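Report on one structure; see the data block that follows.
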Amino acid sequence: MNILKRLFGFDDLPPDPPALVADDALAAARDAAETAIAALRRKQAEERRRAEEARRKREDEERKRRENEAAGIMVCEEPSAPRFQVASNLRYSVASTRSFLLDEFKAFDSRAFSRRVAQGVKDVYGGNPVPFYTAAGLSRSAYSKLISHPDRHPAKDTVLAMAAAFKMPLADAESFLRLAGYALSDSVPADLVWRACFAGGVHHLPQIRQLLAEFAGR
């Protein structure tokens, strides 16, 4: 504690990084991830089945067309609708779209994510970045680059690990991800695992990685 006072000027030790959760909490997160991924696999299987049926239908139609041509039978097909339809009364022109973008970019803040990280370090770790970037699996140099180049955002997995280090609930983690330009998808097994962990209060990175390896092969 005296060393921390000399180095960082803290009066009190910062809160501890995310700790191991109890077996029942980890099991609940595992069950949630397993259920979500099973649903995803059922959805993907159904999509593959439909795609296969559509392929077979196209092949049957093409086969019948060739058989009719060989037999000298002409089949009149109804004209198909144009592939692209452009409304005559366009709501937006290039000029109005440019004007809209100019207004949007006036409010755009490319440094919002780095400021959120700095605020999180202050709120959760008393301003001490060491336990934060250690809990997030980051090196000191990686954290320094993030602070030194606030316009640059780290990779999605890194942002997720940072959200875990901040012990964020699911809603806060999703908001944090959006600041970095990412989102959790219902079609990515790893994202389903992360969602289950945030929802279940599992923030200890080694435990999360255990579940990722189990369900997402990562």
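Going by the structure tokens order, chains are called A, B, ..., each with residues numbered from 1, while ligands are numbered from 1 in the order shown.
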
Show which residues sit within 8 Å of region 203-206 of chain A, as a PyMOL selection string. Count only C-alpha atoms, and ignore same-chain residues fewer than 4 positions away.
-> chain A and resi 18-21+135-137+161+164-165+167-168+197-198+210

Secondary structure check, alpha helix (DSSP H) residues of region 92-178 of chain A, as a CSV table (one decimal) with all heavy atoms, in the first residue's frame:
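Output below, filename result-v9.csv:
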chain,number,residue,atom,x,y,z
A,94,VAL,N,-28.1,13.7,-53.7
A,94,VAL,CA,-26.7,13.7,-53.2
A,94,VAL,C,-26.4,14.9,-52.4
A,94,VAL,O,-25.8,14.8,-51.3
A,94,VAL,CB,-25.7,13.6,-54.4
A,94,VAL,CG1,-24.3,13.7,-53.9
A,94,VAL,CG2,-25.9,12.3,-55.2
A,95,ALA,N,-26.9,16.1,-52.8
A,95,ALA,CA,-26.7,17.3,-52.0
A,95,ALA,C,-27.3,17.2,-50.6
A,95,ALA,O,-26.7,17.6,-49.6
A,95,ALA,CB,-27.2,18.5,-52.8
A,96,SER,N,-28.6,16.8,-50.5
A,96,SER,CA,-29.2,16.7,-49.2
A,96,SER,C,-28.6,15.6,-48.4
A,96,SER,O,-28.5,15.8,-47.1
A,96,SER,CB,-30.7,16.4,-49.4
A,96,SER,OG,-30.9,15.1,-50.0
A,97,THR,N,-28.1,14.5,-49.0
A,97,THR,CA,-27.4,13.5,-48.2
A,97,THR,C,-26.1,14.1,-47.7
A,97,THR,O,-25.7,13.8,-46.5
A,97,THR,CB,-27.1,12.3,-49.1
A,97,THR,OG1,-28.4,11.8,-49.6
A,97,THR,CG2,-26.4,11.2,-48.3
A,98,ARG,N,-25.4,14.8,-48.5
A,98,ARG,CA,-24.1,15.4,-48.0
A,98,ARG,C,-24.4,16.4,-46.9
A,98,ARG,O,-23.7,16.4,-45.9
A,98,ARG,CB,-23.4,16.2,-49.2
A,98,ARG,CG,-22.1,16.8,-48.8
A,98,ARG,CD,-21.5,17.6,-49.9
A,98,ARG,NE,-20.9,16.6,-50.9
A,98,ARG,CZ,-21.5,16.5,-52.1
A,98,ARG,NH1,-22.5,17.2,-52.5
A,98,ARG,NH2,-20.9,15.6,-53.0
A,99,SER,N,-25.5,17.2,-47.0
A,99,SER,CA,-25.8,18.1,-45.9
A,99,SER,C,-26.1,17.3,-44.6
A,99,SER,O,-25.7,17.8,-43.5
A,99,SER,CB,-27.0,18.9,-46.3
A,99,SER,OG,-27.5,19.8,-45.3
A,100,PHE,N,-26.8,16.2,-44.7
A,100,PHE,CA,-27.2,15.4,-43.6
A,100,PHE,C,-25.9,14.9,-42.9
A,100,PHE,O,-25.7,14.9,-41.7
A,100,PHE,CB,-28.1,14.2,-44.0
A,100,PHE,CG,-28.2,13.2,-43.0
A,100,PHE,CD1,-29.1,13.4,-41.9
A,100,PHE,CD2,-27.5,12.0,-43.1
A,100,PHE,CE1,-29.2,12.4,-40.9
A,100,PHE,CE2,-27.6,11.0,-42.1
A,100,PHE,CZ,-28.5,11.2,-41.0
A,101,LEU,N,-24.9,14.4,-43.7
A,101,LEU,CA,-23.7,13.9,-43.2
A,101,LEU,C,-22.9,14.9,-42.5
A,101,LEU,O,-22.2,14.7,-41.5
A,101,LEU,CB,-22.9,13.2,-44.3
A,101,LEU,CG,-23.5,11.9,-44.9
A,101,LEU,CD1,-22.7,11.4,-46.1
A,101,LEU,CD2,-23.4,10.8,-43.8
A,102,LEU,N,-22.9,16.1,-43.1
A,102,LEU,CA,-22.1,17.2,-42.5
A,102,LEU,C,-22.7,17.5,-41.1
A,102,LEU,O,-21.9,17.7,-40.1
A,102,LEU,CB,-22.2,18.5,-43.3
A,102,LEU,CG,-21.4,18.5,-44.6
A,102,LEU,CD1,-21.7,19.7,-45.5
A,102,LEU,CD2,-19.9,18.4,-44.3
A,103,ASP,N,-24.0,17.5,-40.9
A,103,ASP,CA,-24.6,17.7,-39.6
A,103,ASP,C,-24.2,16.6,-38.7
A,103,ASP,O,-24.0,16.8,-37.5
A,103,ASP,CB,-26.1,17.8,-39.7
A,103,ASP,CG,-26.5,19.1,-40.4
A,103,ASP,OD1,-25.7,20.1,-40.5
A,103,ASP,OD2,-27.6,19.2,-41.0
A,104,GLU,N,-24.3,15.3,-39.2
A,104,GLU,CA,-24.0,14.2,-38.3
A,104,GLU,C,-22.5,14.2,-37.8
A,104,GLU,O,-22.2,14.0,-36.7
A,104,GLU,CB,-24.2,12.9,-39.1
A,104,GLU,CG,-25.7,12.6,-39.3
A,104,GLU,CD,-26.4,12.3,-37.9
A,104,GLU,OE1,-25.9,11.4,-37.2
A,104,GLU,OE2,-27.4,12.9,-37.6
A,105,PHE,N,-21.6,14.6,-38.7
A,105,PHE,CA,-20.2,14.6,-38.4
A,105,PHE,C,-19.8,15.7,-37.4
A,105,PHE,O,-18.8,15.7,-36.8
A,105,PHE,CB,-19.3,14.6,-39.6
A,105,PHE,CG,-19.0,13.2,-40.1
A,105,PHE,CD1,-19.9,12.6,-41.1
A,105,PHE,CD2,-18.0,12.4,-39.7
A,105,PHE,CE1,-19.7,11.3,-41.6
A,105,PHE,CE2,-17.7,11.1,-40.2
A,105,PHE,CZ,-18.6,10.6,-41.1
A,106,LYS,N,-20.6,16.8,-37.4
A,106,LYS,CA,-20.4,17.8,-36.4
A,106,LYS,C,-20.5,17.3,-35.0
A,106,LYS,O,-19.8,17.7,-34.1
A,106,LYS,CB,-21.4,19.0,-36.7
A,106,LYS,CG,-21.1,19.8,-37.9
A,106,LYS,CD,-22.1,20.9,-38.1
A,106,LYS,CE,-21.9,21.7,-39.3
A,106,LYS,NZ,-22.9,22.7,-39.5
A,107,ALA,N,-21.4,16.4,-34.8
A,107,ALA,CA,-21.7,15.8,-33.5
A,107,ALA,C,-20.8,14.5,-33.3
A,107,ALA,O,-20.9,14.0,-32.2
A,107,ALA,CB,-23.2,15.5,-33.3
A,112,ALA,N,-14.7,9.4,-28.1
A,112,ALA,CA,-15.6,9.0,-27.0
A,112,ALA,C,-15.2,7.7,-26.3
A,112,ALA,O,-15.4,7.6,-25.1
A,112,ALA,CB,-17.0,8.9,-27.6
A,113,PHE,N,-14.7,6.8,-27.1
A,113,PHE,CA,-14.3,5.5,-26.5
A,113,PHE,C,-13.2,5.6,-25.5
A,113,PHE,O,-13.2,5.1,-24.4
A,113,PHE,CB,-14.0,4.5,-27.6
A,113,PHE,CG,-13.5,3.2,-27.1
A,113,PHE,CD1,-14.4,2.3,-26.5
A,113,PHE,CD2,-12.1,2.8,-27.1
A,113,PHE,CE1,-13.9,1.0,-26.0
A,113,PHE,CE2,-11.7,1.6,-26.6
A,113,PHE,CZ,-12.6,0.7,-26.1
A,114,SER,N,-12.1,6.3,-25.9
A,114,SER,CA,-10.9,6.5,-25.0
A,114,SER,C,-11.3,7.2,-23.8
A,114,SER,O,-10.8,6.9,-22.7
A,114,SER,CB,-9.8,7.2,-25.8
A,114,SER,OG,-10.2,8.5,-26.2
A,115,ARG,N,-12.2,8.2,-23.9
A,115,ARG,CA,-12.6,8.9,-22.7
A,115,ARG,C,-13.4,8.0,-21.8
A,115,ARG,O,-13.4,8.1,-20.6
A,115,ARG,CB,-13.5,10.1,-23.1
A,115,ARG,CG,-12.6,11.3,-23.5
A,115,ARG,CD,-13.4,12.6,-23.3
A,115,ARG,NE,-14.5,12.7,-24.2
A,115,ARG,CZ,-14.5,13.2,-25.5
A,115,ARG,NH1,-13.4,13.7,-25.9
A,115,ARG,NH2,-15.6,13.2,-26.2
A,116,ARG,N,-14.2,7.1,-22.4
A,116,ARG,CA,-15.0,6.2,-21.6
A,116,ARG,C,-14.1,5.2,-20.8
A,116,ARG,O,-14.3,4.9,-19.7
A,116,ARG,CB,-15.9,5.4,-22.5
A,116,ARG,CG,-16.8,4.3,-21.8
A,116,ARG,CD,-17.7,5.0,-20.8
A,116,ARG,NE,-18.5,4.0,-20.1
A,116,ARG,CZ,-18.1,3.3,-19.0
A,116,ARG,NH1,-16.9,3.6,-18.5
A,116,ARG,NH2,-18.8,2.4,-18.4
A,117,VAL,N,-13.0,4.8,-21.5
A,117,VAL,CA,-12.0,4.0,-20.8
A,117,VAL,C,-11.4,4.7,-19.7
A,117,VAL,O,-11.2,4.2,-18.5
A,117,VAL,CB,-10.9,3.5,-21.8
A,117,VAL,CG1,-9.8,2.8,-21.1
A,117,VAL,CG2,-11.5,2.6,-22.9
A,118,ALA,N,-10.9,6.0,-19.9
A,118,ALA,CA,-10.3,6.7,-18.8
A,118,ALA,C,-11.3,6.9,-17.6
A,118,ALA,O,-10.9,6.8,-16.5
A,118,ALA,CB,-9.8,8.1,-19.4
A,119,GLN,N,-12.5,7.2,-18.0
A,119,GLN,CA,-13.5,7.4,-16.9
A,119,GLN,C,-13.7,6.1,-16.1
A,119,GLN,O,-13.9,6.1,-14.9
A,119,GLN,CB,-14.8,7.9,-17.5
A,119,GLN,CG,-15.9,8.2,-16.4
A,119,GLN,CD,-15.4,9.4,-15.6
A,119,GLN,OE1,-14.9,10.4,-16.1
A,119,GLN,NE2,-15.6,9.3,-14.3
A,120,GLY,N,-13.8,5.0,-16.9
A,120,GLY,CA,-13.9,3.7,-16.2
A,120,GLY,C,-12.8,3.3,-15.3
A,120,GLY,O,-13.0,2.8,-14.2
A,121,VAL,N,-11.6,3.6,-15.7
A,121,VAL,CA,-10.4,3.4,-14.9
A,121,VAL,C,-10.5,4.2,-13.6
A,121,VAL,O,-10.2,3.8,-12.5
A,121,VAL,CB,-9.1,3.7,-15.6
A,121,VAL,CG1,-7.9,3.7,-14.7
A,121,VAL,CG2,-8.9,2.7,-16.8
A,122,LYS,N,-11.0,5.5,-13.7
A,122,LYS,CA,-11.1,6.3,-12.6
A,122,LYS,C,-12.2,5.8,-11.6
A,122,LYS,O,-12.0,5.8,-10.4
A,122,LYS,CB,-11.5,7.7,-13.0
A,122,LYS,CG,-11.7,8.7,-11.9
A,122,LYS,CD,-12.0,10.1,-12.5
A,122,LYS,CE,-12.2,11.1,-11.3
A,122,LYS,NZ,-12.5,12.5,-11.9
A,123,ASP,N,-13.4,5.4,-12.2
A,123,ASP,CA,-14.5,5.0,-11.4
A,123,ASP,C,-14.3,3.6,-10.8
A,123,ASP,O,-14.7,3.4,-9.6
A,123,ASP,CB,-15.8,5.0,-12.2
A,123,ASP,CG,-16.2,6.4,-12.7
A,123,ASP,OD1,-15.7,7.4,-12.1
A,123,ASP,OD2,-17.0,6.4,-13.7
A,124,VAL,N,-13.8,2.7,-11.5
A,124,VAL,CA,-13.7,1.3,-11.0
A,124,VAL,C,-12.4,1.0,-10.3
A,124,VAL,O,-12.4,0.3,-9.3
A,124,VAL,CB,-13.9,0.3,-12.2
A,124,VAL,CG1,-13.8,-1.1,-11.7
A,124,VAL,CG2,-15.2,0.6,-12.9
A,125,TYR,N,-11.3,1.6,-10.8
A,125,TYR,CA,-10.0,1.3,-10.2
A,125,TYR,C,-9.3,2.5,-9.5
A,125,TYR,O,-8.1,2.5,-9.3
A,125,TYR,CB,-9.1,0.8,-11.3
A,125,TYR,CG,-9.5,-0.6,-11.8
A,125,TYR,CD1,-10.3,-0.7,-13.0
A,125,TYR,CD2,-9.2,-1.8,-11.1
A,125,TYR,CE1,-10.7,-1.9,-13.4
A,125,TYR,CE2,-9.6,-3.0,-11.6
A,125,TYR,CZ,-10.4,-3.1,-12.7
A,125,TYR,OH,-10.8,-4.3,-13.2
A,129,PRO,N,-4.4,2.5,-13.6
A,129,PRO,CA,-4.6,1.6,-14.7
A,129,PRO,C,-4.0,0.2,-14.7
A,129,PRO,O,-4.4,-0.6,-15.4
A,129,PRO,CB,-3.9,2.4,-15.9
A,129,PRO,CG,-2.8,3.2,-15.2
A,129,PRO,CD,-3.4,3.5,-13.8
A,130,VAL,N,-3.1,0.0,-13.7
A,130,VAL,CA,-2.4,-1.3,-13.7
A,130,VAL,C,-3.3,-2.4,-13.5
A,130,VAL,O,-3.3,-3.4,-14.3
A,130,VAL,CB,-1.3,-1.2,-12.6
A,130,VAL,CG1,-0.6,-2.6,-12.6
A,130,VAL,CG2,-0.2,-0.1,-13.0
A,131,PRO,N,-4.1,-2.4,-12.4
A,131,PRO,CA,-5.0,-3.6,-12.3
A,131,PRO,C,-6.1,-3.7,-13.4
A,131,PRO,O,-6.5,-4.8,-13.7
A,131,PRO,CB,-5.7,-3.3,-10.9
A,131,PRO,CG,-5.6,-1.9,-10.7
A,131,PRO,CD,-4.3,-1.5,-11.3
A,132,PHE,N,-6.4,-2.6,-14.0
A,132,PHE,CA,-7.4,-2.6,-15.1
A,132,PHE,C,-6.8,-3.3,-16.3
A,132,PHE,O,-7.3,-4.3,-16.8
A,132,PHE,CB,-7.8,-1.2,-15.5
A,132,PHE,CG,-8.4,-1.2,-16.9
A,132,PHE,CD1,-9.6,-1.8,-17.1
A,132,PHE,CD2,-7.8,-0.6,-18.0
A,132,PHE,CE1,-10.2,-1.8,-18.4
A,132,PHE,CE2,-8.3,-0.5,-19.2
A,132,PHE,CZ,-9.5,-1.1,-19.5
A,133,TYR,N,-5.6,-2.9,-16.8
A,133,TYR,CA,-5.1,-3.5,-18.0
A,133,TYR,C,-4.6,-4.9,-17.8
A,133,TYR,O,-4.5,-5.7,-18.7
A,133,TYR,CB,-4.1,-2.6,-18.8
A,133,TYR,CG,-2.8,-2.3,-18.1
A,133,TYR,CD1,-1.8,-3.3,-17.8
A,133,TYR,CD2,-2.5,-1.0,-17.8
A,133,TYR,CE1,-0.6,-3.0,-17.3
A,133,TYR,CE2,-1.2,-0.6,-17.2
A,133,TYR,CZ,-0.3,-1.6,-17.0
A,133,TYR,OH,0.9,-1.3,-16.4
A,134,THR,N,-4.2,-5.2,-16.5
A,134,THR,CA,-3.8,-6.6,-16.2
A,134,THR,C,-5.1,-7.5,-16.2
A,134,THR,O,-5.0,-8.6,-16.8
A,134,THR,CB,-3.2,-6.6,-14.8
A,134,THR,OG1,-2.1,-5.8,-14.7
A,134,THR,CG2,-2.8,-8.0,-14.4
A,135,ALA,N,-6.2,-7.0,-15.7
A,135,ALA,CA,-7.4,-7.8,-15.7
A,135,ALA,C,-7.9,-8.0,-17.1
A,135,ALA,O,-8.5,-9.0,-17.4
A,135,ALA,CB,-8.5,-7.1,-14.9
A,140,ARG,N,1.2,-3.1,-20.8
A,140,ARG,CA,1.3,-1.7,-20.4
A,140,ARG,C,1.4,-0.8,-21.7
A,140,ARG,O,0.8,0.2,-21.8
A,140,ARG,CB,2.5,-1.4,-19.5
A,140,ARG,CG,2.7,0.0,-19.1
A,140,ARG,CD,3.9,0.2,-18.2
A,140,ARG,NE,4.1,1.6,-17.8
A,140,ARG,CZ,5.1,2.0,-17.0
A,140,ARG,NH1,5.9,1.1,-16.5
A,140,ARG,NH2,5.2,3.3,-16.8
A,141,SER,N,2.2,-1.3,-22.7
A,141,SER,CA,2.4,-0.6,-23.9
A,141,SER,C,1.1,-0.5,-24.7
A,141,SER,O,0.8,0.5,-25.3
A,141,SER,CB,3.5,-1.2,-24.8
A,141,SER,OG,3.1,-2.6,-25.1
A,142,ALA,N,0.3,-1.6,-24.7
A,142,ALA,CA,-1.0,-1.6,-25.4
A,142,ALA,C,-1.9,-0.5,-24.8
A,142,ALA,O,-2.6,0.2,-25.5
A,142,ALA,CB,-1.6,-2.9,-25.4
A,143,TYR,N,-1.9,-0.5,-23.5
A,143,TYR,CA,-2.8,0.5,-22.8
A,143,TYR,C,-2.3,1.9,-23.1
A,143,TYR,O,-3.1,2.8,-23.4
A,143,TYR,CB,-2.8,0.3,-21.3
A,143,TYR,CG,-3.6,1.3,-20.5
A,143,TYR,CD1,-5.0,1.2,-20.5
A,143,TYR,CD2,-2.9,2.3,-19.9
A,143,TYR,CE1,-5.7,2.2,-19.8
A,143,TYR,CE2,-3.6,3.3,-19.2
A,143,TYR,CZ,-5.0,3.2,-19.1
A,143,TYR,OH,-5.7,4.2,-18.5
A,144,SER,N,-1.0,2.1,-23.1
A,144,SER,CA,-0.4,3.4,-23.4
A,144,SER,C,-0.8,3.9,-24.8
A,144,SER,O,-1.0,5.1,-25.0
A,144,SER,CB,1.1,3.4,-23.2
A,144,SER,OG,1.5,3.1,-21.9
A,145,LYS,N,-0.7,3.0,-25.8
A,145,LYS,CA,-1.1,3.3,-27.1
A,145,LYS,C,-2.5,3.8,-27.2
A,145,LYS,O,-2.9,4.7,-28.0
A,145,LYS,CB,-0.8,2.1,-28.1
A,145,LYS,CG,0.6,1.9,-28.3
A,145,LYS,CD,0.8,0.7,-29.2
A,145,LYS,CE,2.3,0.4,-29.5
A,145,LYS,NZ,2.5,-0.9,-30.4
A,146,LEU,N,-3.4,3.1,-26.5
A,146,LEU,CA,-4.8,3.5,-26.5
A,146,LEU,C,-5.0,4.9,-26.0
A,146,LEU,O,-5.8,5.7,-26.5
A,146,LEU,CB,-5.6,2.5,-25.7
A,146,LEU,CG,-7.1,2.8,-25.4
A,146,LEU,CD1,-7.9,2.8,-26.7
A,146,LEU,CD2,-7.7,1.8,-24.4
A,147,ILE,N,-4.3,5.2,-24.9
A,147,ILE,CA,-4.5,6.5,-24.3
A,147,ILE,C,-3.8,7.6,-25.2
A,147,ILE,O,-4.2,8.7,-25.3
A,147,ILE,CB,-3.9,6.5,-22.9
A,147,ILE,CG1,-4.6,5.5,-22.0
A,147,ILE,CG2,-4.0,7.9,-22.3
A,147,ILE,CD1,-6.1,5.8,-21.9
A,148,SER,N,-2.6,7.2,-25.8
A,148,SER,CA,-1.9,8.2,-26.6
A,148,SER,C,-2.5,8.4,-27.9
A,148,SER,O,-2.3,9.5,-28.5
A,148,SER,CB,-0.4,7.7,-26.8
A,148,SER,OG,0.2,7.4,-25.6
A,156,LYS,N,-12.1,-6.0,-31.5
A,156,LYS,CA,-13.3,-6.3,-30.8
A,156,LYS,C,-13.1,-7.2,-29.5
A,156,LYS,O,-13.6,-6.9,-28.5
A,156,LYS,CB,-14.3,-7.0,-31.7
A,156,LYS,CG,-15.7,-7.4,-31.1
A,156,LYS,CD,-16.6,-8.0,-32.1
A,156,LYS,CE,-17.9,-8.4,-31.4
A,156,LYS,NZ,-18.8,-9.1,-32.4
A,157,ASP,N,-12.3,-8.2,-29.7
A,157,ASP,CA,-12.0,-9.1,-28.5
A,157,ASP,C,-11.4,-8.3,-27.4
A,157,ASP,O,-11.6,-8.6,-26.2
A,157,ASP,CB,-11.1,-10.3,-28.9
A,157,ASP,CG,-11.9,-11.3,-29.7
A,157,ASP,OD1,-13.1,-11.3,-29.8
A,157,ASP,OD2,-11.2,-12.2,-30.3
A,158,THR,N,-10.5,-7.4,-27.7
A,158,THR,CA,-9.9,-6.5,-26.7
A,158,THR,C,-10.9,-5.7,-26.0
A,158,THR,O,-10.8,-5.5,-24.8
A,158,THR,CB,-8.8,-5.7,-27.3
A,158,THR,OG1,-7.8,-6.5,-28.0
A,158,THR,CG2,-8.1,-4.8,-26.3
A,159,VAL,N,-11.8,-5.1,-26.8
A,159,VAL,CA,-12.8,-4.2,-26.2
A,159,VAL,C,-13.7,-5.1,-25.2
A,159,VAL,O,-14.1,-4.6,-24.1
A,159,VAL,CB,-13.7,-3.6,-27.3
A,159,VAL,CG1,-14.8,-2.8,-26.7
A,159,VAL,CG2,-12.8,-2.7,-28.2
A,160,LEU,N,-14.0,-6.3,-25.6
A,160,LEU,CA,-14.8,-7.2,-24.8
A,160,LEU,C,-14.1,-7.5,-23.5
A,160,LEU,O,-14.7,-7.5,-22.4
A,160,LEU,CB,-15.2,-8.5,-25.5
A,160,LEU,CG,-16.2,-8.3,-26.6
A,160,LEU,CD1,-16.2,-9.5,-27.5
A,160,LEU,CD2,-17.6,-8.1,-26.0
A,161,ALA,N,-12.8,-7.8,-23.6
A,161,ALA,CA,-12.0,-8.0,-22.4
A,161,ALA,C,-11.9,-6.8,-21.5
A,161,ALA,O,-11.9,-6.9,-20.2
A,161,ALA,CB,-10.6,-8.5,-22.8
A,162,MET,N,-11.9,-5.6,-22.1
A,162,MET,CA,-11.9,-4.4,-21.3
A,162,MET,C,-13.2,-4.2,-20.6
A,162,MET,O,-13.3,-3.8,-19.4
A,162,MET,CB,-11.6,-3.2,-22.2
A,162,MET,CG,-10.2,-3.2,-22.8
A,162,MET,SD,-9.9,-2.1,-24.1
A,162,MET,CE,-10.0,-0.5,-23.2
A,163,ALA,N,-14.3,-4.5,-21.3
A,163,ALA,CA,-15.6,-4.5,-20.6
A,163,ALA,C,-15.7,-5.4,-19.4
A,163,ALA,O,-16.3,-5.1,-18.4
A,163,ALA,CB,-16.7,-4.8,-21.6
A,164,ALA,N,-15.1,-6.6,-19.6
A,164,ALA,CA,-15.1,-7.6,-18.5
A,164,ALA,C,-14.3,-7.0,-17.3
A,164,ALA,O,-14.6,-7.2,-16.2
A,164,ALA,CB,-14.6,-8.9,-19.0
A,165,ALA,N,-13.1,-6.4,-17.6
A,165,ALA,CA,-12.3,-5.8,-16.6
A,165,ALA,C,-13.0,-4.7,-15.8
A,165,ALA,O,-12.7,-4.5,-14.6
A,165,ALA,CB,-11.0,-5.3,-17.2
A,170,LEU,N,-24.5,-6.6,-18.9
A,170,LEU,CA,-24.7,-6.7,-20.4
A,170,LEU,C,-25.0,-5.4,-21.1
A,170,LEU,O,-24.4,-5.1,-22.1
A,170,LEU,CB,-25.8,-7.8,-20.6
A,170,LEU,CG,-26.1,-8.0,-22.1
A,170,LEU,CD1,-24.9,-8.5,-22.9
A,170,LEU,CD2,-27.2,-9.1,-22.3
A,171,ALA,N,-26.0,-4.7,-20.6
A,171,ALA,CA,-26.4,-3.4,-21.2
A,171,ALA,C,-25.2,-2.5,-21.3
A,171,ALA,O,-25.0,-1.8,-22.4
A,171,ALA,CB,-27.5,-2.8,-20.5
A,172,ASP,N,-24.4,-2.3,-20.3
A,172,ASP,CA,-23.3,-1.4,-20.3
A,172,ASP,C,-22.2,-1.9,-21.3
A,172,ASP,O,-21.6,-1.1,-22.0
A,172,ASP,CB,-22.7,-1.2,-18.9
A,172,ASP,CG,-23.6,-0.4,-18.0
A,172,ASP,OD1,-24.6,0.1,-18.5
A,172,ASP,OD2,-23.4,-0.4,-16.8
A,173,ALA,N,-22.0,-3.2,-21.3
A,173,ALA,CA,-21.0,-3.8,-22.2
A,173,ALA,C,-21.4,-3.6,-23.7
A,173,ALA,O,-20.5,-3.2,-24.5
A,173,ALA,CB,-20.9,-5.3,-21.9
A,174,GLU,N,-22.7,-3.7,-24.0
A,174,GLU,CA,-23.1,-3.5,-25.4
A,174,GLU,C,-22.9,-2.0,-25.7
A,174,GLU,O,-22.5,-1.7,-26.9
A,174,GLU,CB,-24.5,-3.9,-25.5
A,174,GLU,CG,-24.7,-5.4,-25.5
A,174,GLU,CD,-26.1,-5.9,-25.6
A,174,GLU,OE1,-27.0,-5.2,-25.1
A,174,GLU,OE2,-26.4,-6.9,-26.3
A,175,SER,N,-23.2,-1.1,-24.8
A,175,SER,CA,-23.0,0.4,-25.1
A,175,SER,C,-21.5,0.7,-25.2
A,175,SER,O,-21.2,1.4,-26.1
A,175,SER,CB,-23.6,1.2,-23.9
A,175,SER,OG,-23.4,2.5,-24.1
A,176,PHE,N,-20.7,0.0,-24.4
A,176,PHE,CA,-19.2,0.2,-24.5
A,176,PHE,C,-18.7,-0.3,-25.9
A,176,PHE,O,-17.9,0.4,-26.5
A,176,PHE,CB,-18.6,-0.6,-23.4
A,176,PHE,CG,-17.1,-0.4,-23.2
A,176,PHE,CD1,-16.6,0.8,-22.9
A,176,PHE,CD2,-16.3,-1.5,-23.4
A,176,PHE,CE1,-15.2,1.0,-22.7
A,176,PHE,CE2,-14.9,-1.3,-23.3
A,176,PHE,CZ,-14.4,-0.1,-22.9
A,177,LEU,N,-19.3,-1.4,-26.3
A,177,LEU,CA,-18.9,-1.9,-27.6
A,177,LEU,C,-19.2,-1.0,-28.8
A,177,LEU,O,-18.5,-0.8,-29.7
A,177,LEU,CB,-19.5,-3.3,-27.9
A,177,LEU,CG,-18.8,-4.5,-27.4
A,177,LEU,CD1,-19.7,-5.7,-27.6
A,177,LEU,CD2,-17.5,-4.8,-28.1
A,178,ARG,N,-20.4,-0.4,-28.7
A,178,ARG,CA,-20.9,0.5,-29.7
A,178,ARG,C,-20.0,1.7,-29.8
A,178,ARG,O,-19.8,2.2,-30.9
A,178,ARG,CB,-22.3,0.9,-29.5
A,178,ARG,CG,-23.4,-0.2,-29.8
A,178,ARG,CD,-24.8,0.4,-29.9
A,178,ARG,NE,-25.2,0.9,-28.6
A,178,ARG,CZ,-25.8,0.2,-27.7
A,178,ARG,NH1,-26.1,-1.1,-27.9
A,178,ARG,NH2,-26.2,0.7,-26.5

Tell me which protein, DNA and RNA residues are within 10 Å of region 180-193 of chain A, counting only C-alpha atoms, leaving out same-chain ones fewer than 2 positions away, and put them as a PyMOL selection string.
-> chain A and resi 29-41+43-44+110-114+151-157+159-160+173-178+195-199+208-209+211-218

Just write the chosen residues, C-alpha atoms, as a compact mmCIF listing (two decimals), in the first residue's frame.
# COMPACT_ATOMS: atom_id res chain seq x y z
CA ALA A 29 -23.40 -18.81 -17.78
CA ARG A 30 -22.36 -22.08 -19.39
CA ASP A 31 -26.00 -23.22 -19.62
CA ALA A 32 -27.05 -19.90 -21.13
CA ALA A 33 -24.26 -20.05 -23.70
CA GLU A 34 -25.07 -23.68 -24.54
CA THR A 35 -28.76 -22.87 -25.01
CA ALA A 36 -28.02 -19.85 -27.21
CA ILE A 37 -25.52 -21.70 -29.38
CA ALA A 38 -27.87 -24.69 -29.75
CA ALA A 39 -30.56 -22.29 -30.98
CA LEU A 40 -28.07 -20.73 -33.39
CA ARG A 41 -27.12 -24.13 -34.79
CA LYS A 43 -31.31 -21.77 -37.12
CA GLN A 44 -28.26 -22.36 -39.30
CA SER A 110 -14.01 9.90 -32.40
CA ARG A 111 -12.51 10.07 -28.90
CA ALA A 112 -15.62 9.04 -26.99
CA PHE A 113 -14.33 5.49 -26.50
CA SER A 114 -10.95 6.46 -25.04
CA ASP A 151 -8.78 8.13 -32.30
CA ARG A 152 -7.79 4.47 -32.67
CA HIS A 153 -9.93 1.64 -31.34
CA PRO A 154 -8.61 -1.80 -30.35
CA ALA A 155 -9.91 -5.08 -31.77
CA LYS A 156 -13.34 -6.33 -30.77
CA ASP A 157 -12.00 -9.10 -28.52
CA VAL A 159 -12.83 -4.24 -26.18
CA LEU A 160 -14.81 -7.17 -24.77
CA ALA A 173 -21.01 -3.80 -22.20
CA GLU A 174 -23.10 -3.46 -25.36
CA SER A 175 -23.02 0.35 -25.06
CA PHE A 176 -19.24 0.21 -24.52
CA LEU A 177 -18.87 -1.94 -27.63
CA ARG A 178 -20.90 0.51 -29.74
CA ARG A 195 -23.37 -12.17 -23.79
CA ALA A 196 -24.03 -15.04 -21.39
CA CYS A 197 -21.02 -14.08 -19.29
CA PHE A 198 -21.95 -10.41 -19.00
CA ALA A 199 -25.56 -11.29 -18.22
CA ILE A 208 -14.55 -16.47 -19.95
CA ARG A 209 -11.77 -17.91 -22.10
CA LEU A 211 -16.17 -20.98 -21.94
CA LEU A 212 -15.02 -19.57 -25.28
CA ALA A 213 -12.79 -22.57 -25.82
CA GLU A 214 -15.60 -24.92 -24.84
CA PHE A 215 -18.34 -23.43 -27.02
CA ALA A 216 -16.66 -21.32 -29.70
CA GLY A 217 -13.38 -23.15 -30.25
CA ARG A 218 -11.37 -20.08 -29.23
